[in-house]
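Only one structure is covered here, and it is reproduced in the block below.
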Amino acid sequence: MLALRIAWRSFLRHRRRSLITASAVSFGLGLMLASVGIAEDSHYRMIDMGVKLGSGHIVVQGKGYQRDQTLDYLVTKPDEVQKRIVGVPGIRQIAPRVRASGLIRSGDTSSAVLVSGVDPTIEPLVSSIADPKKRKKGDYIRPLAEMPNRNWPADIYIGSELANTLHVGVGDKVVLTVSPKGGGRPESAAFMVRGIFRTGSDELDAMYVEIPIDEAQRLLKIGTSLTQLAIILEDNVTTLQTTAEIKRRLAGMTLETLPWQESMKELYDTIVIDDGGNYVMFAIIFAIVAIGIFNTMLMSVIERTREFGVMMAIGTNKFLMFRIVLAEAFVLALFAAAIGVTLGLGLHYWVSSVGIDIAKWAGEDYQVAGVVFDMKIYSRLTAYIVAKWSVVVGGLVLVSAIYPAYRATRLQPVEAMRHV
Amino acid sequence: MSDVIVHVKNVQKTYKQGSIEVHALRGVTLELARGEFAVLAGSSGSGKTTLLNLVGALDVPTTGEIDVEGRMLSSMTGKDLAELRLRRLGFVFQAYNLIPVLSAYENAEYVMLLQGEPAEKRREKVMKVLESVGLKGMENRRPTELSGGQQQRVAVARAIASEPALVLADEPTANLDSKTGSDLVATMRKLNEEHGITFLISSHDPKVIRHAARVIRLEDGAIVSDERQNGKPAVGYNPVDAATEDSEAWRGGNADGEDYDGD
């Protein structure tokens with residue numbers, strides 16, 4: 001308490017110096033929080049988009065499918081899987097999917113595509129592609145059971161680039177050819193273009209089609225098997241722990257359960273590299289903060305050599321001297337953290353409410369790992385992130401004050417008291 | 001406890017300034033009895049402050065020994081010395097040397113706080129001691145809000161509040177005007193008489209010397225006289241040429257504090 005009292009008074013006594021140093025630390029922390037907020041939000045969006053366009057937060061698929069994406073590795077008992085994982089906390093939706101490569105043809109024009117058999121009643125709840133906002137024309141596909149006439153061709157949902165290539169529009173007929181399981185003659189079927197989407201991703205818009213899952217299973221001759229079950233969670237935070245729980249529940253089945261970090265490795269690596277870049281920037285901010293604090297505390301100790309000499313002469317031991325200097329750094333850190341957090345949160349609220357338009361720098365469509373992002377950046381901060389970085393910066397302030405504090409303990413009272 | 005509070009035995013202190021050796025003290029031997037009010041007199045550079053610093057365990061002699069309350073300083077660790085300064089010694093410095101960020105009350109309380117005295121006891125003592133040095137009503141003022149004399153009174157209050165065995169005061173009146181200086185010395189003398197606190201004061205100020213029961217004169221780092229104010233020979237007197245005397249010799253001297261009287 002004595003150390004803190006002296007520290008607080010010293011802080012107030014040298015107001016200008018304290019404020020200048022504290023503001024440097026605050027500015028560093030504020031900027032750091034703002035940039036963490038933006039990075040967190042962009043990562044959140046990347047993950048959200050990746051999850052919605054790709055294979056969910058967690059994917060359950062036949063063991064070996066990740067390495068070799070063929071029909072040799074299927075989820076043969078999807079009902080059993082569903083039964084086992086029902087009730088796992090945090091799961092929002094489970095989307096069954098069948099994926100295979102195929103060839104689409106209209107008239108004389110044909111194109112290679114990735115065919116995705118989906119459940120048309122579930123997909124709009126979990127996928128961005130099925131999202132009406134991404135739909136350029138028409139409607140989303142209907143389940144076979146809801147077709148007005150069973151003799152009509154099933155619906156197909158295609159990307160805008162593919163529609164251009166094939167010169168087709170909504171209501172036109174296309175023929176899809178796939179290789180069924182076990183080889184043999186390719187299977188073809190006619191489909192009616194039900195809707196055209198545009199995600200902004202060249203890859204998806206030119207090469208991806210969705211058809212009703214039962215039609216896909218029929219063409220591929222895989223019965224009720226699936227290539228994957230995409231699991232969408234309430235919150236990405238629980239991905240790894242939910243993955244572990246699902247793995248536990250599916251033990252004994254020849255399946256692989258992968259979090260998005262593994263199933264969408266490219267996206268994950270992009271985020272890790274981005275984080276790495278941020279940490280380099282933070283290290284520079286840390287260095288500036290540390291040098292500032294070190295300088296200020298050392299100056300404070302040198303300036304108060306005489307005062308410290310007297311304190312030691314009248315019986316202050318070295319440990320208390322050390323604590324007095326550290327306490328001053330602590331007061332400085334506390335003050336700076338309070339201002340820094342206020343500044344950081346202010347920037348956070350501004351960015352998250354107004355958004356920063358990056359279209360002029362990044363171009364209209366910004367893609368990472370095949371995923372397209374909004375051209376406006378926002379900020380996302382949690383109490384944990386704010387607390388974590390405040391503690392890191394506060395800790396840095398204390399660490400920077402260790403040498404000055406040590407120096408104070410090395411003073412010889414007689415010499416120190418001669419100091420002017 | 002022994003009646004001799006300080007034994008300085010044949011102490012020399014040499015400073016090196018580059019290749020030149022400066023002999024600040026040249027074989028000083030001295031005894032101080034409990035309850036004395038002694039003044040180290042001498043001109044600037046005579047070694048007064050050096051001797052006070054050595055007795056106060058703030059510095060170490062080049063040769064010789066000092067013991068305070070029967071404990072040999074050279075055999076004590078840095079921590080023990082800090083503890084001795086904290087619990088048994090009080091210091092008053094020439095340039096006030098208060099802790100600038102603490103109020104008069106807090107400065108006076110500081111040593112007791114370090115000693116771990118309970119709050120109630122601290123409060124009682126600090127109020128009493130501030131009153132006794134004439135600072136009642138100024139408890140909350142910071143050093144910058146006090147005059148030089150008032151600051152030095154706070155320093156005295158700080159030195160005596162914890163009831164040390166010995167107060168070492170280095171030129172306490174040097175920066176004060178005549179009237180303030182006289183008042184301060186009178187205050188210290190009163191504390192000595194009423195509470196039996198031993199004072200060893202370095203000064204060349206006649207006002208201080210006038211109040212002293214014993215005056216030890218230093219010249220060029222050696223004691224040249226050690227006298228009671230009534231003219232009796234000094235206790236433990238050790239002239240320059242006796243610097244190398246066997247320690248037995250001065251031990252035989254009269255170190256009692258009984259045979260001096262006040263001024």
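Identifiers in the structure tokens: chain A, B, ... in order shown; residue index from 1 per chain; ligand index from 1 in order shown.
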Sorted by chain and rising residue number, which residues of chain B lie within 8 Å of chain A, and what are their closest atom pairs and distances in Å to one decimal, counting only C-alpha atoms, as a Markdown table?
```
| residue | atom | partner | partner_atom | distance |
| --- | --- | --- | --- | --- |
| B:Asn53 | CA | A:Val414 | CA | 7.3 |
| B:Leu58 | CA | A:Val414 | CA | 6.0 |
| B:Asp59 | CA | A:Val414 | CA | 6.7 |
| B:Lys79 | CA | A:Asn317 | CA | 7.1 |
| B:Ala82 | CA | A:Gly315 | CA | 5.0 |
| B:Glu83 | CA | A:Gly315 | CA | 6.2 |
| B:Leu84 | CA | A:Gly315 | CA | 7.6 |
| B:Arg85 | CA | A:Gly315 | CA | 5.1 |
| B:Leu86 | CA | A:Gly315 | CA | 4.0 |
| B:Arg87 | CA | A:Gly315 | CA | 7.8 |
| B:Leu89 | CA | A:Ile314 | CA | 7.9 |
| B:Gly90 | CA | A:Ile314 | CA | 6.9 |
| B:Phe91 | CA | A:Ile314 | CA | 6.5 |
| B:Asn97 | CA | A:Val310 | CA | 6.4 |
| B:Leu98 | CA | A:Glu307 | CA | 7.5 |
| B:Ile99 | CA | A:Glu307 | CA | 6.2 |
| B:Pro100 | CA | A:Glu307 | CA | 7.8 |
| B:Val101 | CA | A:Arg9 | CA | 5.5 |
| B:Leu102 | CA | A:Ile6 | CA | 7.2 |
| B:Val111 | CA | A:Ile314 | CA | 7.1 |
| B:Leu114 | CA | A:Thr316 | CA | 7.1 |
```
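Within region 163-229 of chain A, the backbone-based DSSP assignment of strand (DSSP E) covers A:Lys173, A:Val174, A:Val175, A:Leu176, A:Thr177, A:Val178, A:Glu187, A:Ser188, A:Ala189, A:Ala190, A:Phe191, A:Met192, A:Val193, A:Arg194, A:Gly195, A:Ile196, A:Phe197, A:Tyr208, A:Val209, A:Glu210, A:Ile211, A:Pro212, A:Gln228, A:Leu229.
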Export N, CA, C and O atoms of the chosen residues as a short mmCIF file (atom, residue, chain, number, x, y, z; two decimals), in the first residue's frame?
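The resulting result.cif:
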```
data_model
loop_
_atom_site.label_atom_id
_atom_site.label_comp_id
_atom_site.auth_asym_id
_atom_site.auth_seq_id
_atom_site.Cartn_x
_atom_site.Cartn_y
_atom_site.Cartn_z
N LYS A 173 -33.36 -26.41 -70.29
CA LYS A 173 -33.01 -27.77 -69.93
C LYS A 173 -31.50 -27.99 -70.14
O LYS A 173 -30.92 -27.49 -71.10
N VAL A 174 -30.88 -28.75 -69.22
CA VAL A 174 -29.48 -29.13 -69.37
C VAL A 174 -29.38 -30.62 -69.09
O VAL A 174 -30.26 -31.20 -68.45
N VAL A 175 -28.27 -31.22 -69.56
CA VAL A 175 -28.07 -32.65 -69.29
C VAL A 175 -26.82 -32.80 -68.44
O VAL A 175 -25.77 -32.22 -68.76
N LEU A 176 -26.94 -33.56 -67.37
CA LEU A 176 -25.82 -33.77 -66.46
C LEU A 176 -25.38 -35.22 -66.55
O LEU A 176 -26.21 -36.13 -66.50
N THR A 177 -24.07 -35.40 -66.70
CA THR A 177 -23.54 -36.77 -66.81
C THR A 177 -22.54 -36.98 -65.68
O THR A 177 -21.66 -36.13 -65.46
N VAL A 178 -22.67 -38.11 -64.99
CA VAL A 178 -21.73 -38.42 -63.91
C VAL A 178 -21.28 -39.87 -64.02
O VAL A 178 -21.95 -40.68 -64.68
N GLU A 187 -23.81 -42.15 -66.21
CA GLU A 187 -25.25 -41.96 -66.09
C GLU A 187 -25.59 -40.53 -66.44
O GLU A 187 -24.92 -39.60 -65.99
N SER A 188 -26.61 -40.33 -67.23
CA SER A 188 -27.02 -38.98 -67.61
C SER A 188 -28.47 -38.77 -67.22
O SER A 188 -29.25 -39.72 -67.15
N ALA A 189 -28.79 -37.49 -66.97
CA ALA A 189 -30.18 -37.15 -66.70
C ALA A 189 -30.41 -35.70 -67.09
O ALA A 189 -29.47 -34.89 -67.08
N ALA A 190 -31.62 -35.41 -67.45
CA ALA A 190 -31.96 -34.03 -67.81
C ALA A 190 -32.38 -33.28 -66.55
O ALA A 190 -32.99 -33.85 -65.65
N PHE A 191 -32.04 -31.99 -66.51
CA PHE A 191 -32.43 -31.13 -65.39
C PHE A 191 -32.97 -29.82 -65.96
O PHE A 191 -32.59 -29.40 -67.05
N MET A 192 -33.81 -29.18 -65.19
CA MET A 192 -34.36 -27.88 -65.57
C MET A 192 -33.66 -26.81 -64.73
O MET A 192 -33.60 -26.94 -63.51
N VAL A 193 -33.11 -25.79 -65.38
CA VAL A 193 -32.46 -24.71 -64.60
C VAL A 193 -33.54 -23.98 -63.80
O VAL A 193 -34.45 -23.38 -64.36
N ARG A 194 -33.43 -24.10 -62.49
CA ARG A 194 -34.44 -23.52 -61.60
C ARG A 194 -34.02 -22.12 -61.15
O ARG A 194 -34.83 -21.23 -60.96
N GLY A 195 -32.71 -21.97 -60.96
CA GLY A 195 -32.22 -20.67 -60.51
C GLY A 195 -30.76 -20.49 -60.87
O GLY A 195 -30.04 -21.47 -61.13
N ILE A 196 -30.30 -19.23 -60.89
CA ILE A 196 -28.90 -18.92 -61.20
C ILE A 196 -28.35 -18.06 -60.05
O ILE A 196 -28.97 -17.07 -59.66
N PHE A 197 -27.22 -18.49 -59.50
CA PHE A 197 -26.62 -17.73 -58.38
C PHE A 197 -25.35 -17.03 -58.84
O PHE A 197 -24.73 -17.41 -59.83
N TYR A 208 -19.90 -24.93 -60.25
CA TYR A 208 -20.61 -25.60 -59.17
C TYR A 208 -22.11 -25.64 -59.47
O TYR A 208 -22.70 -24.63 -59.87
N VAL A 209 -22.71 -26.83 -59.28
CA VAL A 209 -24.16 -26.93 -59.48
C VAL A 209 -24.76 -27.70 -58.30
O VAL A 209 -24.08 -28.52 -57.68
N GLU A 210 -26.00 -27.40 -58.00
CA GLU A 210 -26.69 -28.14 -56.94
C GLU A 210 -27.93 -28.80 -57.51
O GLU A 210 -28.66 -28.18 -58.31
N ILE A 211 -28.16 -30.07 -57.10
CA ILE A 211 -29.36 -30.80 -57.52
C ILE A 211 -29.94 -31.46 -56.26
O ILE A 211 -29.23 -31.58 -55.25
N PRO A 212 -31.18 -31.92 -56.30
CA PRO A 212 -31.74 -32.59 -55.13
C PRO A 212 -30.94 -33.84 -54.80
O PRO A 212 -30.49 -34.56 -55.71
N GLN A 228 -20.77 -36.64 -47.49
CA GLN A 228 -20.46 -35.91 -46.25
C GLN A 228 -21.72 -35.40 -45.55
O GLN A 228 -22.77 -35.24 -46.18
N LEU A 229 -21.51 -35.14 -44.26
CA LEU A 229 -22.53 -34.46 -43.48
C LEU A 229 -21.87 -33.16 -43.01
O LEU A 229 -20.85 -33.20 -42.30
#
```
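Each of A:Arg218, A:Ala337, A:Asn295, A:Ser400 was compared to Ala387 (chain A) using only C-alpha atoms, and A:Ala337 turns out to be the nearest.
You can rank B:Ile5, B:Val92, B:Val11, B:Leu40 by their closest distance to Ala212 (chain B) using only C-alpha atoms, and at the top of that list sits B:Leu40.
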Quiz item: Which neighbours of Gly117 (chain A) fall inside 12 Å, counting only C-alpha atoms, when residues of the same chain fewer than 6 positions from it are skipped, and could you give them as number ranges by chain?
Solution: A: 95-102, 123, 141-144, 154-157, 208-220, 222, 224-229
Limited to C-alpha atoms, could you put the picked residues into a file as an mmCIF file, in the first residue's frame?
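Contents of part-v5.cif, freshly written:
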```cif
data_model
loop_
_atom_site.group_PDB
_atom_site.id
_atom_site.type_symbol
_atom_site.label_atom_id
_atom_site.label_comp_id
_atom_site.auth_asym_id
_atom_site.auth_seq_id
_atom_site.Cartn_x
_atom_site.Cartn_y
_atom_site.Cartn_z
ATOM 1 C CA ALA A 95 -26.753 -30.849 -43.901
ATOM 2 C CA PRO A 96 -26.399 -34.129 -45.824
ATOM 3 C CA ARG A 97 -24.491 -33.782 -49.090
ATOM 4 C CA VAL A 98 -23.363 -35.879 -52.009
ATOM 5 C CA ARG A 99 -20.549 -34.468 -54.098
ATOM 6 C CA ALA A 100 -19.094 -35.740 -57.340
ATOM 7 C CA SER A 101 -17.588 -34.387 -60.512
ATOM 8 C CA GLY A 102 -19.608 -34.400 -63.677
ATOM 9 C CA GLU A 123 -29.592 -25.974 -47.570
ATOM 10 C CA ILE A 141 -34.294 -26.061 -56.269
ATOM 11 C CA ARG A 142 -37.220 -28.107 -54.933
ATOM 12 C CA PRO A 143 -37.128 -31.592 -53.394
ATOM 13 C CA LEU A 144 -38.196 -34.298 -55.824
ATOM 14 C CA ALA A 154 -35.457 -32.391 -61.548
ATOM 15 C CA ASP A 155 -34.324 -28.865 -60.680
ATOM 16 C CA ILE A 156 -30.746 -27.708 -61.015
ATOM 17 C CA TYR A 157 -29.189 -24.577 -59.531
ATOM 18 C CA TYR A 208 -20.613 -25.596 -59.166
ATOM 19 C CA VAL A 209 -24.162 -26.934 -59.476
ATOM 20 C CA GLU A 210 -26.694 -28.139 -56.938
ATOM 21 C CA ILE A 211 -29.356 -30.799 -57.516
ATOM 22 C CA PRO A 212 -31.744 -32.595 -55.131
ATOM 23 C CA ILE A 213 -29.852 -35.157 -53.061
ATOM 24 C CA ASP A 214 -32.049 -38.157 -53.942
ATOM 25 C CA GLU A 215 -31.483 -37.510 -57.645
ATOM 26 C CA ALA A 216 -27.730 -37.359 -57.053
ATOM 27 C CA GLN A 217 -27.800 -40.613 -55.079
ATOM 28 C CA ARG A 218 -29.818 -42.280 -57.866
ATOM 29 C CA LEU A 219 -27.439 -41.147 -60.640
ATOM 30 C CA LEU A 220 -24.330 -42.100 -58.663
ATOM 31 C CA ILE A 222 -24.949 -45.037 -53.976
ATOM 32 C CA THR A 224 -28.805 -43.635 -49.297
ATOM 33 C CA SER A 225 -25.067 -43.066 -48.766
ATOM 34 C CA LEU A 226 -23.572 -39.584 -48.577
ATOM 35 C CA THR A 227 -20.160 -38.168 -49.268
ATOM 36 C CA GLN A 228 -20.464 -35.909 -46.251
ATOM 37 C CA LEU A 229 -22.530 -34.458 -43.479
#
```
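One distance worth recording is that between CA of Thr382 (chain A) and CA of Gly37 (chain A), which is 8.5 Å.
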Quiz item: Near Arg88 (chain B), counting only C-alpha atoms, which residues have an atom at most 9 Å away, once you skip same-chain residues fewer than 5 positions from it, shown as a PyMOL selection string?
Solution: chain B and resi 69+83+162-167
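CA of Glu36 (chain B) to CA of Val215 (chain B) spans 10.7 Å [interatomic distance, one decimal].
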Quiz item: Quick one: distance from CA of His348 (chain A) to CA of Arg380 (chain A) in Å, one decimal?
Solution: 7.3 Å
Practice problem: Go through region 11-255 of chain B and collect every residue that DSSP, computed from the backbone, puts in alpha helix (DSSP H); the answer should be as a VMD selection string. | Solution: chain B and resid 48 to 55 78 to 87 104 to 115 119 to 132 148 to 161 178 to 195 206 to 211 247 to 251
Practice problem: Just the residues within 10 Å of Glu219 (chain B), please, counting only C-alpha atoms, with nothing from its chain fewer than 5 positions along; format it as a PyMOL selection string. | Solution: chain B and resi 24-26+41-48+224-225+240
Could you save those same residues with N, CA and C atoms as a PDB file, in the first residue's frame?
```pdb
ATOM      1  N   ALA B  24      39.576  11.762   4.581  1.00  0.00           N
ATOM      2  CA  ALA B  24      38.469  12.488   5.213  1.00  0.00           C
ATOM      3  C   ALA B  24      38.506  12.316   6.725  1.00  0.00           C
ATOM      4  N   LEU B  25      38.870  11.147   7.172  1.00  0.00           N
ATOM      5  CA  LEU B  25      39.025  10.910   8.610  1.00  0.00           C
ATOM      6  C   LEU B  25      40.354  10.206   8.825  1.00  0.00           C
ATOM      7  N   ARG B  26      41.083  10.692   9.846  1.00  0.00           N
ATOM      8  CA  ARG B  26      42.425  10.125  10.079  1.00  0.00           C
ATOM      9  C   ARG B  26      42.492   9.550  11.486  1.00  0.00           C
ATOM     10  N   ALA B  41      31.760  19.686  15.819  1.00  0.00           N
ATOM     11  CA  ALA B  41      31.976  21.021  15.260  1.00  0.00           C
ATOM     12  C   ALA B  41      33.219  21.004  14.383  1.00  0.00           C
ATOM     13  N   GLY B  42      33.252  21.905  13.466  1.00  0.00           N
ATOM     14  CA  GLY B  42      34.424  21.989  12.606  1.00  0.00           C
ATOM     15  C   GLY B  42      34.048  22.656  11.304  1.00  0.00           C
ATOM     16  N   SER B  43      35.087  23.122  10.638  1.00  0.00           N
ATOM     17  CA  SER B  43      34.809  23.826   9.393  1.00  0.00           C
ATOM     18  C   SER B  43      34.426  22.826   8.299  1.00  0.00           C
ATOM     19  N   SER B  44      34.019  23.367   7.165  1.00  0.00           N
ATOM     20  CA  SER B  44      33.682  22.505   6.030  1.00  0.00           C
ATOM     21  C   SER B  44      34.900  21.670   5.654  1.00  0.00           C
ATOM     22  N   GLY B  45      34.677  20.405   5.377  1.00  0.00           N
ATOM     23  CA  GLY B  45      35.774  19.527   4.958  1.00  0.00           C
ATOM     24  C   GLY B  45      36.535  18.944   6.126  1.00  0.00           C
ATOM     25  N   SER B  46      36.069  19.195   7.353  1.00  0.00           N
ATOM     26  CA  SER B  46      36.802  18.674   8.507  1.00  0.00           C
ATOM     27  C   SER B  46      36.476  17.204   8.767  1.00  0.00           C
ATOM     28  N   GLY B  47      35.448  16.704   8.139  1.00  0.00           N
ATOM     29  CA  GLY B  47      35.119  15.276   8.284  1.00  0.00           C
ATOM     30  C   GLY B  47      33.856  15.014   9.085  1.00  0.00           C
ATOM     31  N   LYS B  48      33.120  16.065   9.423  1.00  0.00           N
ATOM     32  CA  LYS B  48      31.910  15.901  10.253  1.00  0.00           C
ATOM     33  C   LYS B  48      30.884  14.985   9.586  1.00  0.00           C
ATOM     34  N   VAL B 224      40.254  17.320  17.424  1.00  0.00           N
ATOM     35  CA  VAL B 224      41.271  18.165  18.051  1.00  0.00           C
ATOM     36  C   VAL B 224      40.868  18.559  19.472  1.00  0.00           C
ATOM     37  N   SER B 225      39.568  18.464  19.762  1.00  0.00           N
ATOM     38  CA  SER B 225      39.154  18.681  21.145  1.00  0.00           C
ATOM     39  C   SER B 225      37.809  18.026  21.363  1.00  0.00           C
ATOM     40  N   VAL B 240      44.901  13.745  17.623  1.00  0.00           N
ATOM     41  CA  VAL B 240      45.403  13.222  16.353  1.00  0.00           C
ATOM     42  C   VAL B 240      46.548  12.235  16.570  1.00  0.00           C
TER      43      VAL B 240
END
```
Do a neighbour search on Asp274 (chain A) at 12 Å with only C-alpha atoms, toss out local chain neighbours closer than 2 positions, and write the hits as a short mmCIF file (atom, residue, chain, number, x, y, z; two decimals) with all heavy atoms, in the first residue's frame.
```
data_model
loop_
_atom_site.label_atom_id
_atom_site.label_comp_id
_atom_site.auth_asym_id
_atom_site.auth_seq_id
_atom_site.Cartn_x
_atom_site.Cartn_y
_atom_site.Cartn_z
N SER A 35 -7.06 -2.71 -34.39
CA SER A 35 -6.64 -3.61 -35.47
C SER A 35 -6.98 -5.06 -35.14
O SER A 35 -7.32 -5.83 -36.04
CB SER A 35 -5.15 -3.40 -35.80
OG SER A 35 -4.36 -4.21 -35.02
N VAL A 36 -6.95 -5.41 -33.85
CA VAL A 36 -7.38 -6.76 -33.47
C VAL A 36 -8.86 -6.93 -33.81
O VAL A 36 -9.28 -7.96 -34.34
CB VAL A 36 -7.14 -7.03 -31.96
CG1 VAL A 36 -7.85 -8.28 -31.50
CG2 VAL A 36 -5.65 -7.15 -31.67
N ILE A 38 -10.63 -5.42 -36.10
CA ILE A 38 -10.83 -5.57 -37.55
C ILE A 38 -10.40 -6.96 -38.02
O ILE A 38 -11.11 -7.63 -38.78
CB ILE A 38 -10.07 -4.45 -38.31
CG1 ILE A 38 -10.79 -3.11 -38.05
CG2 ILE A 38 -9.98 -4.74 -39.79
CD1 ILE A 38 -10.03 -1.89 -38.52
N ALA A 39 -9.24 -7.40 -37.51
CA ALA A 39 -8.75 -8.73 -37.90
C ALA A 39 -9.74 -9.81 -37.44
O ALA A 39 -10.06 -10.72 -38.21
CB ALA A 39 -7.37 -8.99 -37.29
N GLU A 40 -10.22 -9.66 -36.20
CA GLU A 40 -11.17 -10.66 -35.68
C GLU A 40 -12.42 -10.72 -36.55
O GLU A 40 -12.93 -11.79 -36.86
CB GLU A 40 -11.58 -10.29 -34.24
CG GLU A 40 -10.56 -10.65 -33.19
CD GLU A 40 -10.39 -12.15 -33.02
OE1 GLU A 40 -11.41 -12.87 -33.00
OE2 GLU A 40 -9.24 -12.60 -32.94
N SER A 42 -12.74 -9.73 -39.71
CA SER A 42 -12.51 -10.26 -41.05
C SER A 42 -12.31 -11.78 -40.99
O SER A 42 -12.80 -12.50 -41.85
CB SER A 42 -11.34 -9.55 -41.74
OG SER A 42 -10.14 -9.97 -41.18
N HIS A 43 -11.68 -12.25 -39.92
CA HIS A 43 -11.52 -13.70 -39.78
C HIS A 43 -12.88 -14.36 -39.55
O HIS A 43 -13.16 -15.42 -40.09
CB HIS A 43 -10.57 -14.03 -38.62
CG HIS A 43 -9.18 -13.58 -38.88
ND1 HIS A 43 -8.20 -13.55 -37.94
CD2 HIS A 43 -8.60 -13.10 -40.03
CE1 HIS A 43 -7.08 -13.10 -38.47
NE2 HIS A 43 -7.31 -12.82 -39.74
N MET A 46 -14.53 -14.49 -42.81
CA MET A 46 -13.89 -15.51 -43.66
C MET A 46 -14.40 -16.90 -43.25
O MET A 46 -14.77 -17.71 -44.09
CB MET A 46 -12.37 -15.51 -43.44
CG MET A 46 -11.61 -14.49 -44.20
SD MET A 46 -9.84 -14.77 -43.88
CE MET A 46 -9.15 -13.33 -44.66
N LEU A 267 -7.97 -21.91 -46.17
CA LEU A 267 -8.59 -20.79 -45.47
C LEU A 267 -7.94 -20.60 -44.09
O LEU A 267 -7.59 -19.49 -43.69
CB LEU A 267 -10.10 -21.05 -45.30
CG LEU A 267 -10.88 -19.97 -44.55
CD1 LEU A 267 -10.84 -18.64 -45.29
CD2 LEU A 267 -12.33 -20.41 -44.36
N TYR A 268 -7.76 -21.72 -43.41
CA TYR A 268 -7.16 -21.67 -42.08
C TYR A 268 -5.75 -21.09 -42.17
O TYR A 268 -5.37 -20.21 -41.38
CB TYR A 268 -7.13 -23.07 -41.48
CG TYR A 268 -6.49 -23.12 -40.12
CD1 TYR A 268 -7.06 -22.44 -39.04
CD2 TYR A 268 -5.31 -23.83 -39.90
CE1 TYR A 268 -6.47 -22.46 -37.78
CE2 TYR A 268 -4.72 -23.87 -38.64
CZ TYR A 268 -5.30 -23.18 -37.60
OH TYR A 268 -4.72 -23.21 -36.36
N ASP A 269 -4.97 -21.55 -43.14
CA ASP A 269 -3.59 -21.05 -43.30
C ASP A 269 -3.59 -19.55 -43.57
O ASP A 269 -2.73 -18.82 -43.07
CB ASP A 269 -2.88 -21.79 -44.44
CG ASP A 269 -2.57 -23.23 -44.05
OD1 ASP A 269 -2.68 -23.55 -42.85
OD2 ASP A 269 -2.26 -24.04 -44.94
N THR A 270 -4.57 -19.11 -44.38
CA THR A 270 -4.66 -17.67 -44.69
C THR A 270 -4.85 -16.88 -43.40
O THR A 270 -4.21 -15.85 -43.18
CB THR A 270 -5.86 -17.41 -45.62
OG1 THR A 270 -5.69 -18.22 -46.77
CG2 THR A 270 -5.94 -15.96 -46.03
N ILE A 271 -5.72 -17.38 -42.53
CA ILE A 271 -5.99 -16.69 -41.26
C ILE A 271 -4.76 -16.70 -40.37
O ILE A 271 -4.39 -15.68 -39.77
CB ILE A 271 -7.21 -17.33 -40.55
CG1 ILE A 271 -8.47 -17.01 -41.35
CG2 ILE A 271 -7.33 -16.85 -39.11
CD1 ILE A 271 -9.71 -17.75 -40.89
N VAL A 272 -4.08 -17.85 -40.34
CA VAL A 272 -2.87 -17.95 -39.51
C VAL A 272 -1.81 -16.96 -40.00
O VAL A 272 -1.18 -16.25 -39.21
CB VAL A 272 -2.33 -19.40 -39.52
CG1 VAL A 272 -0.95 -19.47 -38.87
CG2 VAL A 272 -3.30 -20.32 -38.78
N GLY A 276 -0.23 -13.81 -38.14
CA GLY A 276 1.22 -13.65 -38.03
C GLY A 276 1.64 -12.23 -38.38
O GLY A 276 2.42 -11.60 -37.67
N GLY A 277 1.06 -11.70 -39.46
CA GLY A 277 1.34 -10.33 -39.89
C GLY A 277 0.96 -9.34 -38.79
O GLY A 277 1.70 -8.41 -38.48
N ASN A 278 -0.21 -9.58 -38.20
CA ASN A 278 -0.66 -8.70 -37.12
C ASN A 278 0.29 -8.74 -35.94
O ASN A 278 0.58 -7.72 -35.33
CB ASN A 278 -2.06 -9.11 -36.65
CG ASN A 278 -3.12 -8.62 -37.61
OD1 ASN A 278 -2.89 -7.68 -38.37
ND2 ASN A 278 -4.27 -9.25 -37.59
N TYR A 279 0.77 -9.94 -35.63
CA TYR A 279 1.65 -10.06 -34.47
C TYR A 279 2.96 -9.31 -34.69
O TYR A 279 3.53 -8.75 -33.77
CB TYR A 279 1.91 -11.54 -34.13
CG TYR A 279 0.70 -12.21 -33.51
CD1 TYR A 279 0.36 -13.52 -33.79
CD2 TYR A 279 -0.12 -11.50 -32.63
CE1 TYR A 279 -0.77 -14.12 -33.23
CE2 TYR A 279 -1.24 -12.08 -32.06
CZ TYR A 279 -1.57 -13.39 -32.37
OH TYR A 279 -2.68 -13.96 -31.80
N VAL A 280 3.42 -9.30 -35.94
CA VAL A 280 4.64 -8.54 -36.24
C VAL A 280 4.38 -7.06 -35.96
O VAL A 280 5.19 -6.37 -35.32
CB VAL A 280 5.08 -8.75 -37.72
CG1 VAL A 280 6.18 -7.78 -38.10
CG2 VAL A 280 5.53 -10.19 -37.93
N MET A 281 3.19 -6.60 -36.39
CA MET A 281 2.85 -5.19 -36.15
C MET A 281 2.75 -4.93 -34.64
O MET A 281 3.25 -3.93 -34.14
CB MET A 281 1.52 -4.86 -36.82
CG MET A 281 1.23 -3.39 -36.84
SD MET A 281 -0.38 -3.09 -37.56
CE MET A 281 -1.44 -3.36 -36.17
N VAL A 368 -10.47 -15.04 -50.91
CA VAL A 368 -9.40 -15.75 -50.22
C VAL A 368 -9.80 -17.21 -50.21
O VAL A 368 -10.89 -17.56 -49.77
CB VAL A 368 -9.22 -15.25 -48.77
CG1 VAL A 368 -8.21 -16.14 -48.04
CG2 VAL A 368 -8.76 -13.81 -48.75
#
```
